[in-house]
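**Student:** entry.tsv is the file, holding TSV, C-alpha atoms:
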```tsv
chain	number	residue	atom	x	y	z
E	1	MET	CA	-13.64	36.09	-10.67
E	2	LYS	CA	-10.89	34.60	-8.48
E	3	PRO	CA	-8.89	31.93	-10.35
E	4	TYR	CA	-8.95	28.35	-9.18
E	5	THR	CA	-5.77	27.13	-7.47
E	6	MET	CA	-3.96	23.96	-8.46
E	7	THR	CA	-1.08	22.43	-6.53
E	8	VAL	CA	1.20	19.44	-6.87
E	9	SER	CA	2.47	17.06	-4.22
E	10	PRO	CA	5.90	18.47	-3.25
E	11	ASP	CA	7.56	15.12	-3.99
E	12	PHE	CA	7.45	15.55	-7.77
E	13	MET	CA	10.77	15.30	-9.59
E	14	PRO	CA	12.47	18.75	-9.85
E	15	ASP	CA	13.05	18.08	-13.57
E	16	TYR	CA	9.31	18.39	-14.11
E	17	ILE	CA	8.63	21.79	-12.48
E	18	ALA	CA	8.41	23.48	-15.88
E	19	GLY	CA	6.18	20.66	-17.09
E	20	TRP	CA	3.57	21.40	-14.43
E	21	TYR	CA	3.49	25.09	-15.43
E	22	ILE	CA	3.08	24.08	-19.08
E	23	PHE	CA	0.29	21.70	-18.06
E	24	ASN	CA	-1.47	24.47	-16.16
E	25	THR	CA	-1.39	26.74	-19.21
E	26	TRP	CA	-2.64	23.89	-21.43
E	27	LEU	CA	-5.40	23.01	-18.98
E	28	GLN	CA	-6.67	26.59	-18.72
E	29	ARG	CA	-7.04	26.71	-22.51
E	30	GLN	CA	-8.83	23.36	-22.59
E	31	LEU	CA	-11.29	24.23	-19.81
E	32	GLY	CA	-11.62	27.93	-20.48
E	33	GLN	CA	-11.03	28.53	-16.79
E	34	SER	CA	-8.48	30.61	-14.97
E	35	ILE	CA	-6.21	28.40	-12.84
E	36	HIS	CA	-3.25	29.50	-10.74
E	37	LEU	CA	-0.51	26.93	-10.07
E	38	GLU	CA	0.86	27.17	-6.55
E	39	LEU	CA	3.81	24.95	-5.66
E	40	TYR	CA	4.88	24.36	-2.07
E	41	ASN	CA	8.34	23.42	-0.84
E	42	ASP	CA	7.14	20.87	1.66
E	43	PHE	CA	4.13	18.82	2.70
E	44	ALA	CA	3.49	20.74	5.91
E	45	THR	CA	3.04	24.07	4.09
E	46	GLN	CA	0.84	22.46	1.47
E	47	ARG	CA	-1.37	20.89	4.15
E	48	GLU	CA	-1.80	24.28	5.79
E	49	ALA	CA	-3.10	25.68	2.49
E	50	ILE	CA	-5.46	22.71	2.15
E	51	SER	CA	-6.75	23.26	5.68
E	52	ARG	CA	-7.52	26.88	4.75
E	53	ASP	CA	-9.54	25.59	1.74
E	54	GLU	CA	-7.23	27.41	-0.67
E	55	ILE	CA	-6.79	24.45	-3.05
E	56	ASP	CA	-9.19	23.44	-5.83
E	57	LEU	CA	-7.11	20.93	-7.78
E	58	ILE	CA	-4.31	18.80	-6.40
E	59	TYR	CA	-2.01	16.13	-7.73
E	60	ALA	CA	-1.96	14.48	-4.35
E	61	ASN	CA	0.36	12.13	-2.57
E	62	PRO	CA	-1.62	8.98	-1.68
E	63	PHE	CA	-0.89	9.61	2.00
E	64	ASP	CA	-2.80	12.91	1.83
E	65	ALA	CA	-5.67	11.46	-0.21
E	66	ALA	CA	-7.45	10.24	2.93
E	67	MET	CA	-7.63	13.72	4.42
E	68	LEU	CA	-8.57	15.33	1.10
E	69	VAL	CA	-11.33	12.85	0.23
E	70	ARG	CA	-12.75	12.03	3.63
E	71	GLU	CA	-12.35	15.32	5.45
E	72	LYS	CA	-12.38	17.88	2.66
E	73	GLY	CA	-14.79	16.21	0.22
E	74	PHE	CA	-12.39	16.11	-2.76
E	75	SER	CA	-13.33	13.87	-5.69
E	76	ALA	CA	-11.06	11.54	-7.65
E	77	ILE	CA	-10.49	12.61	-11.24
E	78	ALA	CA	-7.58	10.66	-12.69
E	79	ALA	CA	-4.33	8.90	-11.85
E	80	PRO	CA	-1.11	8.87	-13.86
E	81	GLN	CA	-0.90	5.87	-16.17
E	82	ASP	CA	1.51	3.07	-15.18
E	83	LYS	CA	3.09	5.11	-12.42
E	84	PRO	CA	2.54	3.42	-9.06
E	85	ASP	CA	4.48	4.78	-6.08
E	86	GLU	CA	7.01	2.05	-5.33
E	87	VAL	CA	9.72	2.28	-2.71
E	88	ILE	CA	13.36	1.27	-2.81
E	89	LEU	CA	15.32	0.51	0.33
E	90	ALA	CA	19.01	1.08	-0.37
E	91	VAL	CA	22.24	0.70	1.59
E	92	PRO	CA	25.82	1.82	0.90
E	93	ALA	CA	27.44	-0.42	-1.73
E	94	GLU	CA	29.99	-1.70	0.78
E	95	SER	CA	27.45	-2.29	3.54
E	96	PRO	CA	27.55	-5.66	5.30
E	97	VAL	CA	23.74	-5.56	5.12
E	98	LYS	CA	22.81	-7.78	2.18
E	99	LYS	CA	19.22	-8.60	3.07
E	100	LEU	CA	16.47	-7.10	5.20
E	101	ASP	CA	17.03	-9.47	8.10
E	102	ASP	CA	20.64	-8.25	8.41
E	103	LEU	CA	19.35	-4.89	9.67
E	104	THR	CA	19.65	-4.44	13.42
E	105	PRO	CA	18.16	-2.11	16.05
E	106	GLY	CA	19.92	1.25	15.99
E	107	THR	CA	19.86	1.39	12.18
E	108	ARG	CA	20.29	4.98	10.94
E	109	ILE	CA	17.64	5.75	8.33
E	110	ALA	CA	17.91	8.61	5.84
E	111	ARG	CA	14.67	9.74	4.20
E	112	THR	CA	12.81	12.79	2.94
E	113	ASP	CA	9.43	14.08	4.14
E	114	ASP	CA	7.63	12.08	1.41
E	115	PRO	CA	4.82	10.59	3.49
E	116	ASP	CA	3.79	7.56	1.44
E	117	VAL	CA	7.41	6.50	0.87
E	118	ASN	CA	8.09	6.76	4.58
E	119	LEU	CA	4.96	4.80	5.47
E	120	ILE	CA	5.79	2.00	3.02
E	121	GLY	CA	9.48	2.06	3.97
E	122	MET	CA	8.75	1.67	7.68
E	123	MET	CA	6.27	-1.09	6.87
E	124	MET	CA	8.92	-2.94	4.86
E	125	ILE	CA	11.53	-2.93	7.65
E	126	GLU	CA	9.00	-4.02	10.25
E	127	SER	CA	9.66	-7.66	9.34
E	128	ALA	CA	13.23	-7.12	10.61
E	129	ASP	CA	11.73	-5.92	13.90
E	130	LEU	CA	12.69	-2.33	13.18
E	131	LYS	CA	10.32	0.44	14.19
E	132	ALA	CA	10.37	4.14	14.91
E	133	ASP	CA	11.47	3.53	18.49
E	134	ASN	CA	14.55	1.42	17.70
E	135	THR	CA	15.87	3.30	14.66
E	136	HIS	CA	17.35	6.77	14.15
E	137	VAL	CA	15.72	8.83	11.41
E	138	GLN	CA	17.39	11.69	9.52
E	139	MET	CA	14.93	13.82	7.55
E	140	LEU	CA	16.62	15.31	4.48
E	141	ASP	CA	15.46	17.77	1.86
E	142	SER	CA	15.90	15.60	-1.23
E	143	TYR	CA	16.60	12.08	-2.41
E	144	VAL	CA	20.03	13.22	-3.64
E	145	LEU	CA	20.85	14.12	-0.03
E	146	VAL	CA	19.53	10.73	1.12
E	147	ALA	CA	21.93	9.07	-1.34
E	148	LYS	CA	24.77	11.30	-0.13
E	149	ALA	CA	24.09	10.40	3.50
E	150	LEU	CA	24.41	6.73	2.53
E	151	PHE	CA	27.63	6.85	0.59
E	152	GLN	CA	29.19	9.17	3.15
E	153	GLU	CA	28.18	6.52	5.70
E	154	ARG	CA	26.17	8.94	7.80
E	155	ALA	CA	23.21	6.59	7.35
E	156	ASP	CA	22.86	2.81	7.08
E	157	LEU	CA	19.60	2.65	5.15
E	158	GLY	CA	17.79	5.02	2.78
E	159	PHE	CA	14.16	5.21	1.72
E	160	PHE	CA	13.64	6.28	-1.90
E	161	LEU	CA	10.70	6.75	-4.19
E	162	LYS	CA	11.64	4.27	-6.93
E	163	GLU	CA	11.31	6.92	-9.62
E	164	ALA	CA	13.68	9.20	-7.69
E	165	TYR	CA	16.21	6.41	-7.15
E	166	GLU	CA	16.22	5.61	-10.84
E	167	SER	CA	16.80	9.27	-11.70
E	168	LEU	CA	20.01	9.39	-9.62
E	169	SER	CA	23.19	9.52	-11.69
E	170	ASP	CA	24.97	6.29	-12.56
E	171	PHE	CA	27.87	7.42	-10.38
E	172	VAL	CA	25.66	7.89	-7.33
E	173	ARG	CA	23.82	4.63	-7.87
E	174	SER	CA	27.12	2.78	-8.24
E	175	GLN	CA	27.84	3.68	-4.62
E	176	LEU	CA	24.55	2.25	-3.41
E	177	SER	CA	23.00	-1.17	-3.31
E	178	VAL	CA	19.29	-1.95	-3.51
E	179	LEU	CA	18.18	-4.01	-0.56
E	180	LEU	CA	14.54	-4.32	-1.50
E	181	SER	CA	12.08	-2.84	-3.96
E	182	SER	CA	8.37	-2.79	-3.22
E	183	GLU	CA	5.85	-4.27	-5.64
E	184	ILE	CA	2.59	-2.89	-4.31
E	185	HIS	CA	1.18	-1.67	-7.65
E	186	VAL	CA	-1.97	0.04	-6.33
E	187	VAL	CA	-0.59	3.02	-4.41
E	188	THR	CA	-0.41	5.99	-6.74
E	189	HIS	CA	-0.60	9.76	-6.82
E	190	VAL	CA	-4.04	10.95	-7.81
E	191	LEU	CA	-5.50	14.14	-9.22
E	192	LEU	CA	-8.33	15.31	-6.96
E	193	ALA	CA	-10.81	18.16	-7.33
E	194	SER	CA	-12.37	20.13	-4.49
E	195	PRO	CA	-16.14	20.58	-4.09
E	196	ALA	CA	-15.68	24.13	-5.46
E	197	PHE	CA	-14.56	22.62	-8.77
E	198	THR	CA	-17.57	20.27	-9.08
E	199	THR	CA	-19.10	21.94	-12.13
E	200	HIS	CA	-15.92	21.36	-14.17
E	201	GLN	CA	-15.11	17.83	-12.99
E	202	ASP	CA	-16.61	15.93	-15.93
E	203	GLU	CA	-14.95	18.19	-18.45
E	204	LEU	CA	-11.63	17.92	-16.63
E	205	ARG	CA	-11.83	14.13	-16.53
E	206	ALA	CA	-12.66	13.90	-20.24
E	207	CYS	CA	-9.87	16.33	-21.07
E	208	LEU	CA	-7.22	14.35	-19.15
E	209	LEU	CA	-8.23	10.95	-20.51
E	210	ASP	CA	-8.13	12.35	-24.04
E	211	MET	CA	-4.97	14.37	-23.44
E	212	PRO	CA	-2.59	12.46	-25.77
E	213	HIS	CA	-4.98	13.09	-28.66
E	214	ARG	CA	-5.58	16.77	-28.05
E	215	ASP	CA	-3.52	19.59	-29.49
E	216	LYS	CA	-0.06	19.62	-27.83
E	217	GLY	CA	-1.34	17.17	-25.20
E	218	GLN	CA	1.33	14.51	-25.71
E	219	GLY	CA	4.13	17.08	-25.54
E	220	VAL	CA	2.75	18.43	-22.28
E	221	LEU	CA	2.56	14.91	-20.84
E	222	ASP	CA	6.18	14.31	-21.86
E	223	SER	CA	7.25	17.49	-20.10
E	224	MET	CA	5.60	16.21	-16.88
E	225	GLY	CA	7.19	12.77	-17.17
E	226	LEU	CA	3.78	11.12	-17.60
E	227	SER	CA	2.64	8.72	-20.30
E	228	GLY	CA	-1.01	9.63	-19.83
E	229	TRP	CA	-3.87	9.62	-17.36
E	230	GLN	CA	-6.21	6.82	-16.42
E	231	LEU	CA	-9.66	7.10	-14.96
E	232	GLN	CA	-9.63	7.06	-11.17
E	233	ALA	CA	-13.09	6.23	-9.91
E	234	GLN	CA	-13.99	7.43	-6.43
E	235	GLU	CA	-14.01	3.81	-5.26
E	236	ASP	CA	-10.47	3.29	-6.59
E	237	THR	CA	-9.32	6.13	-4.35
E	238	GLU	CA	-11.39	4.95	-1.40
E	239	PHE	CA	-9.78	1.51	-1.77
E	240	MET	CA	-6.31	3.05	-1.85
E	241	ILE	CA	-7.12	5.06	1.26
E	242	ASP	CA	-8.30	1.89	3.05
E	243	LEU	CA	-5.08	0.19	2.03
E	244	MET	CA	-2.92	3.06	3.27
E	245	ASP	CA	-4.88	2.95	6.52
E	246	THR	CA	-3.85	-0.69	7.05
E	247	LEU	CA	-0.19	0.28	6.72
E	248	ALA	CA	-0.32	3.19	9.14
L	1	MET	CA	-17.49	-24.86	1.73
L	2	GLN	CA	-16.01	-27.89	0.03
L	3	ASP	CA	-13.55	-30.19	1.75
L	4	MET	CA	-9.96	-30.13	0.59
L	5	HIS	CA	-9.00	-32.82	-1.88
L	6	GLN	CA	-6.14	-35.23	-1.38
L	7	ASP	CA	-5.29	-34.86	-5.08
L	8	ASP	CA	-4.50	-31.14	-4.54
L	9	VAL	CA	-2.15	-31.44	-1.61
L	10	VAL	CA	1.53	-32.13	-1.16
L	11	SER	CA	2.63	-35.48	0.23
L	12	SER	CA	2.91	-36.02	3.98
L	13	CYS	CA	-0.28	-34.10	4.75
L	14	ILE	CA	-2.28	-34.85	7.84
L	15	GLU	CA	-6.09	-34.84	7.72
L	16	GLN	CA	-7.91	-32.60	10.18
L	17	VAL	CA	-11.44	-31.27	10.57
L	18	LEU	CA	-11.97	-27.54	11.01
L	19	VAL	CA	-15.06	-26.41	12.89
L	20	TYR	CA	-16.07	-22.85	12.13
L	21	HIS	CA	-17.93	-20.29	14.25
L	22	ASP	CA	-21.27	-21.36	12.70
L	23	ASP	CA	-20.54	-25.05	13.46
L	24	SER	CA	-19.98	-25.82	9.79
L	25	ARG	CA	-17.12	-28.25	9.19
L	26	ARG	CA	-14.45	-28.71	6.60
L	27	LYS	CA	-11.98	-31.53	6.09
L	28	VAL	CA	-8.52	-30.07	5.51
L	29	TYR	CA	-5.07	-31.50	4.85
L	30	VAL	CA	-2.10	-29.80	6.42
L	31	ALA	CA	1.61	-30.22	5.79
L	32	ASP	CA	4.52	-28.97	7.84
L	33	GLN	CA	5.78	-27.00	4.87
L	34	GLU	CA	6.10	-23.21	4.90
L	35	VAL	CA	5.97	-21.01	1.82
L	36	PRO	CA	7.93	-17.77	2.41
L	37	PHE	CA	6.16	-14.45	2.13
L	38	PRO	CA	7.08	-12.71	-1.15
L	39	GLU	CA	9.60	-9.92	-0.42
L	40	GLY	CA	8.42	-6.37	-1.01
L	41	LYS	CA	4.85	-7.37	-1.79
L	42	LEU	CA	1.52	-7.03	-0.07
L	43	ILE	CA	-1.23	-9.61	-0.13
L	44	VAL	CA	-4.51	-7.74	-0.55
L	45	SER	CA	-8.05	-9.05	-0.56
L	46	ARG	CA	-11.50	-7.62	-0.06
L	47	THR	CA	-14.70	-9.18	1.16
L	48	ASN	CA	-18.30	-8.15	1.42
L	49	GLU	CA	-19.93	-7.56	4.80
L	50	ALA	CA	-20.43	-11.30	5.25
L	51	GLY	CA	-16.75	-12.12	4.75
L	52	ILE	CA	-17.18	-13.46	1.21
L	53	ILE	CA	-14.16	-12.78	-1.01
L	54	THR	CA	-14.90	-10.22	-3.73
L	55	HIS	CA	-11.39	-9.21	-4.86
L	56	GLY	CA	-7.82	-10.39	-4.43
L	57	ASN	CA	-4.55	-9.16	-5.86
L	58	GLN	CA	-2.10	-11.38	-7.69
L	59	SER	CA	-0.07	-12.10	-4.54
L	60	PHE	CA	-3.24	-13.16	-2.72
L	61	VAL	CA	-4.07	-15.64	-5.45
L	62	GLU	CA	-0.51	-16.93	-5.87
L	63	MET	CA	0.13	-17.45	-2.18
L	64	SER	CA	-3.18	-19.23	-1.63
L	65	GLY	CA	-2.45	-21.87	-4.26
L	66	PHE	CA	-5.99	-21.47	-5.60
L	67	THR	CA	-7.04	-19.85	-8.86
L	68	GLU	CA	-8.83	-16.51	-8.70
L	69	ASP	CA	-12.06	-18.16	-9.83
L	70	GLU	CA	-11.81	-20.66	-6.99
L	71	LEU	CA	-11.42	-17.87	-4.42
L	72	ILE	CA	-13.99	-15.28	-5.51
L	73	GLY	CA	-17.32	-16.00	-3.85
L	74	GLN	CA	-15.79	-18.17	-1.12
L	75	PRO	CA	-15.76	-17.28	2.59
L	76	HIS	CA	-12.42	-15.78	3.59
L	77	HIS	CA	-11.98	-18.64	6.05
L	78	ILE	CA	-11.17	-20.90	3.09
L	79	LEU	CA	-7.61	-19.96	4.11
L	80	ARG	CA	-8.08	-20.85	7.79
L	81	HIS	CA	-5.35	-23.06	9.19
L	82	PRO	CA	-6.25	-25.42	12.05
L	83	ASP	CA	-3.26	-24.13	14.05
L	84	MET	CA	-5.05	-20.77	14.42
L	85	PRO	CA	-7.07	-20.40	17.64
L	86	LYS	CA	-10.72	-19.44	17.20
L	87	ALA	CA	-10.25	-16.62	19.68
L	88	ALA	CA	-8.02	-14.79	17.20
L	89	PHE	CA	-10.83	-14.53	14.68
L	90	LYS	CA	-13.39	-13.68	17.34
L	91	ASP	CA	-11.10	-10.82	18.35
L	92	LEU	CA	-10.90	-9.77	14.69
L	93	TRP	CA	-14.67	-9.55	14.27
L	94	ASP	CA	-15.21	-7.96	17.71
L	95	THR	CA	-12.59	-5.31	16.90
L	96	LEU	CA	-14.13	-4.52	13.51
L	97	ALA	CA	-17.59	-4.37	15.09
L	98	ARG	CA	-16.28	-1.64	17.40
L	99	GLY	CA	-15.27	0.31	14.30
L	100	GLU	CA	-11.57	-0.26	14.87
L	101	LYS	CA	-8.75	-1.62	12.73
L	102	TRP	CA	-7.56	-5.16	13.54
L	103	SER	CA	-4.00	-6.36	13.25
L	104	GLY	CA	-2.55	-9.76	14.04
L	105	TYR	CA	-0.24	-12.57	13.01
L	106	VAL	CA	-2.01	-15.26	11.04
L	107	LYS	CA	-0.97	-18.68	9.77
L	108	ASN	CA	-2.84	-19.31	6.53
L	109	LEU	CA	-3.54	-22.63	4.85
L	110	ARG	CA	-2.86	-23.06	1.15
L	111	LYS	CA	-4.80	-25.24	-1.24
L	112	ASP	CA	-1.85	-27.67	-1.34
L	113	GLY	CA	-1.79	-28.07	2.46
L	114	ALA	CA	1.33	-25.95	2.99
L	115	TYR	CA	1.14	-22.74	5.04
L	116	TYR	CA	2.36	-19.14	5.10
L	117	TRP	CA	2.56	-16.64	7.93
L	118	VAL	CA	1.41	-13.05	7.52
L	119	LEU	CA	0.99	-9.91	9.56
L	120	ALA	CA	-2.59	-9.07	8.65
L	121	THR	CA	-4.43	-5.79	9.07
L	122	VAL	CA	-8.13	-5.56	8.38
L	123	VAL	CA	-10.21	-2.39	8.03
L	124	ALA	CA	-13.88	-1.88	7.35
L	125	ASN	CA	-14.74	-0.21	4.04
L	126	ILE	CA	-17.03	2.62	5.08
L	127	ARG	CA	-18.93	4.26	2.24
L	128	GLY	CA	-21.58	6.86	2.90
L	129	GLY	CA	-21.42	6.03	6.60
L	130	GLU	CA	-22.17	2.32	6.02
L	131	VAL	CA	-19.87	-0.69	6.23
L	132	THR	CA	-19.87	-2.18	2.74
L	133	GLY	CA	-17.10	-4.74	3.22
L	134	TYR	CA	-13.60	-5.26	4.52
L	135	THR	CA	-10.08	-4.86	3.15
L	136	SER	CA	-7.36	-7.15	4.43
L	137	VAL	CA	-3.72	-6.32	3.76
L	138	ARG	CA	-1.01	-8.82	4.68
L	139	ARG	CA	2.66	-8.06	4.91
L	140	LYS	CA	5.80	-9.97	5.75
L	141	PRO	CA	5.89	-10.77	9.46
L	142	SER	CA	8.92	-10.78	11.71
L	143	ARG	CA	10.33	-14.26	12.46
L	144	GLU	CA	10.64	-13.31	16.12
L	145	ARG	CA	6.94	-12.43	16.37
L	146	ILE	CA	6.01	-15.64	14.53
L	147	ALA	CA	8.01	-17.70	17.03
L	148	GLU	CA	6.09	-16.00	19.86
L	149	CYS	CA	2.76	-16.62	18.13
L	150	ILE	CA	3.43	-20.31	17.53
L	151	GLU	CA	3.68	-20.86	21.27
L	152	LEU	CA	0.87	-18.44	22.15
L	153	TYR	CA	-1.54	-19.97	19.65
L	154	ARG	CA	-0.65	-23.50	20.81
L	155	GLN	CA	-1.61	-22.56	24.36
L	156	MET	CA	-4.80	-20.85	23.21
L	157	ARG	CA	-5.86	-23.93	21.24
L	158	LEU	CA	-5.21	-26.13	24.26
L	159	GLU	CA	-7.46	-23.88	26.35
L	160	GLU	CA	-10.15	-23.93	23.65
L	161	ALA	CA	-10.02	-27.73	23.52
L	162	SER	CA	-10.30	-28.17	27.30
```
Would you mind writing the file out in structure tokens?
**Tutor:**
Amino acid sequence: MKPYTMTVSPDFMPDYIAGWYIFNTWLQRQLGQSIHLELYNDFATQREAISRDEIDLIYANPFDAAMLVREKGFSAIAAPQDKPDEVILAVPAESPVKKLDDLTPGTRIARTDDPDVNLIGMMMIESADLKADNTHVQMLDSYVLVAKALFQERADLGFFLKEAYESLSDFVRSQLSVLLSSEIHVVTHVLLASPAFTTHQDELRACLLDMPHRDKGQGVLDSMGLSGWQLQAQEDTEFMIDLMDTLA
Amino acid sequence: MQDMHQDDVVSSCIEQVLVYHDDSRRKVYVADQEVPFPEGKLIVSRTNEAGIITHGNQSFVEMSGFTEDELIGQPHHILRHPDMPKAAFKDLWDTLARGEKWSGYVKNLRKDGAYYWVLATVVANIRGGEVTGYTSVRRKPSRERIAECIELYRQMRLEEAS
């Protein structure tokens, strides 16, 4: 029988790549199912695989949750505990921009292709009357490159996933200044299962919620940079999708 | 809905009477005192199909000046400020009825008579093909847009009064 395929939102921290492979091995033993972990370099390639119905389990970016749940019939399983997606807007340390309202049309924005960070980031600068049509966006491959663009003064403003910003080295952060940090709390990555995985959903949910207490579970969580999983009811995900819709 | 109480409001409030779409009335006290939108946050609330508040996040509660218990079960227009033209809310409901998302600048009234401006977006919560309620998300508005809205809403209210 063909193994199920699991994938992870491409915005996960590179430090945790091994952790996701360890998790996949652990999960297969727990469920007694064959699961192949497929990682994609970018969101566009991952979405193509989703559109071809090649994905059965996904640790999804909240931005993609709408398409997965409402168009592809995926079900919410669990969300990482205490790990909301918050966004940091940063400027070069020596920037004259000290508050959001100091930003002016023509601002050069450095960002990655992380869709929820970009959505929230653009929403946050809207109060300074900045939009897509009066800013210049540079799409970069990683948050380290976003930081580099700022301290080399090739960009005036950077969008960061808070977790990624906090994982930058002290040296890099010393050359940046945080303009604003979001406190949205309810936008989070979520583990979703496809309709093809329906028969294993309850077992998967129970397994994840109990993970710290199962054999090697806590160690696997540590390797993924997670403290645990919390139940994500379908309505929790629907609510998050509605919220993301208001920001789009 | 209960009238506002003078004991709850800041000094220098002016008494006004709000008339809602169903002709119900509420005595309110308003002060020329703005509370700034909290940086980086979103104000989120949900209502049922009839516009009765069912959930609100911490920012929603804090900015309103009410307690959570005082808000849950109340019509969302408990936050209506008399400086808002009725046409804005008619447009909101007409837009939602067409199955579309509504967005607009809104001046909200706090329990203490002060006010806060928001850029509000409202979407219908569609579950199983049915509208089960509405989610409203408010973010920090631009001062330039607010300045435009103050004048626009003043003119709209004058037209509504004539």
**Student:** Select residues of chain L: the criterion is any atom within 12 Å of an atom of chain E, counting only C-alpha atoms; output as JSON, numbers by chain.
**Tutor:** {"L": [37, 38, 39, 40, 41, 42, 43, 44, 45, 46, 55, 57, 58, 59, 60, 100, 101, 102, 103, 104, 105, 117, 118, 119, 120, 121, 122, 123, 124, 125, 126, 127, 128, 129, 132, 133, 134, 135, 136, 137, 138, 139, 140, 141, 142, 143, 144, 145, 146]}
**Student:** In Å, with one decimal, what is the gap from CA of Tyr165 in chain E to CA of Leu37 in chain E?
**Tutor:**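 Atom-to-atom, CA of Tyr165 in chain E to CA of Leu37 in chain E, that is 26.6 Å.
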**Student:** Just give me the gap between CA of Arg154 in chain L and CA of Asp32 in chain L in Å, one decimal is fine.
**Tutor:** 15.0 Å
**Student:** Give as a PyMOL selection string the set of residues within 12 Å of the point (1.1, -34.8, 1.6), where distances use the file's coordinates and only C-alpha atoms.
**Tutor:** chain L and resi 5-15+28-33+111-114
**Student:** Find the residues near range 217-233 of chain E: any atom within 9 Å, counting only C-alpha atoms, skip ones fewer than 3 places away on the same chain, and give them as a VMD selection string.
**Tutor:** chain E and resid 13 15 to 20 22 to 23 26 75 to 83 190 to 191 205 208 to 214 236 to 238
**Student:** What is the distance, in Å and to one decimal place, between CA of Val117 in chain E and CA of Asn61 in chain E?
**Tutor:**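 Interatomic distance, CA of Val117 in chain E to CA of Asn61 in chain E: 9.7 Å.
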**Student:** Restricting the calculation to all atoms listed in the file: of L:Leu92, L:Met84, L:Ala50, L:Ala97, which residue gets closest to Glu151 in chain L?
**Tutor:**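 Among the listed residues, L:Met84 lies closest to Glu151 in chain L.
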**Student:** Please determine, counting all atoms listed in the file, which residue among L:Cys149, L:Met63, L:Leu71, L:Val19 has the shortest atom-to-atom distance to Tyr115 in chain L.
**Tutor:**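 Of all the options, L:Met63 lies closest to Tyr115 in chain L.
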**Student:** May I have the protein, DNA and RNA residues with any atom at most 6 Å from the point (-1.7, 6.1, -3.5), counting all atoms listed in the file, written as a list of chain:residue names?
**Tutor:**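 Final list of nearby residues, as requested, is E:Pro62, E:Val187, E:Thr188, E:His189, E:Met240.
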**Student:** With a distance cut-off of 9 Å and all atoms listed in the file, select the neighbouring residues of Val172 in chain E, excluding the residue or stretch itself and same-chain residues fewer than 5 positions from it, and output the selection as a ChimeraX atom specification.
**Tutor:** /E:144,147-148,151
**Student:** Taking only C-alpha atoms into account, name the residue in E:Leu150, E:Phe160, E:Val97, E:Ala206 that is nearest to Arg111 in chain E.
**Tutor:** E:Phe160
**Student:** Rank L:Val35, L:Ala87, L:Ile72, L:Val106 by their smallest atom-to-atom distance to Gln155 in chain L, using all atoms listed in the file, and report the top residue only.
**Tutor:** L:Ala87
**Student:** Restore N, CA and C atoms in range 119-130 of chain L and list the result as an mmCIF file, in the frame of the given file.
**Tutor:**
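The file below, rebuild_14.cif, is the result:
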```
data_model
loop_
_atom_site.group_PDB
_atom_site.id
_atom_site.type_symbol
_atom_site.label_atom_id
_atom_site.label_comp_id
_atom_site.auth_asym_id
_atom_site.auth_seq_id
_atom_site.Cartn_x
_atom_site.Cartn_y
_atom_site.Cartn_z
ATOM 1 N N LEU L 119 1.490 -10.915 8.616
ATOM 2 C CA LEU L 119 0.990 -9.910 9.560
ATOM 3 C C LEU L 119 -0.181 -9.251 8.856
ATOM 4 N N ALA L 120 -1.380 -9.541 9.333
ATOM 5 C CA ALA L 120 -2.590 -9.070 8.650
ATOM 6 C C ALA L 120 -3.176 -7.846 9.337
ATOM 7 N N THR L 121 -3.676 -6.933 8.538
ATOM 8 C CA THR L 121 -4.430 -5.790 9.070
ATOM 9 C C THR L 121 -5.730 -5.709 8.287
ATOM 10 N N VAL L 122 -6.817 -5.590 9.019
ATOM 11 C CA VAL L 122 -8.130 -5.560 8.380
ATOM 12 C C VAL L 122 -8.851 -4.266 8.763
ATOM 13 N N VAL L 123 -9.398 -3.586 7.758
ATOM 14 C CA VAL L 123 -10.210 -2.390 8.030
ATOM 15 C C VAL L 123 -11.570 -2.537 7.369
ATOM 16 N N ALA L 124 -12.549 -1.914 7.970
ATOM 17 C CA ALA L 124 -13.880 -1.880 7.350
ATOM 18 C C ALA L 124 -13.865 -0.859 6.221
ATOM 19 N N ASN L 125 -14.562 -1.173 5.136
ATOM 20 C CA ASN L 125 -14.740 -0.210 4.040
ATOM 21 C C ASN L 125 -16.019 0.558 4.341
ATOM 22 N N ILE L 126 -15.858 1.813 4.717
ATOM 23 C CA ILE L 126 -17.030 2.620 5.080
ATOM 24 C C ILE L 126 -17.334 3.572 3.929
ATOM 25 N N ARG L 127 -18.527 3.425 3.357
ATOM 26 C CA ARG L 127 -18.930 4.260 2.240
ATOM 27 C C ARG L 127 -20.287 4.881 2.574
ATOM 28 N N GLY L 128 -20.336 6.186 2.556
ATOM 29 C CA GLY L 128 -21.580 6.860 2.900
ATOM 30 C C GLY L 128 -22.038 6.520 4.311
ATOM 31 N N GLY L 129 -21.083 6.306 5.198
ATOM 32 C CA GLY L 129 -21.420 6.030 6.600
ATOM 33 C C GLY L 129 -21.777 4.578 6.877
ATOM 34 N N GLU L 130 -21.805 3.725 5.839
ATOM 35 C CA GLU L 130 -22.170 2.320 6.020
ATOM 36 C C GLU L 130 -20.974 1.417 5.756
#
```
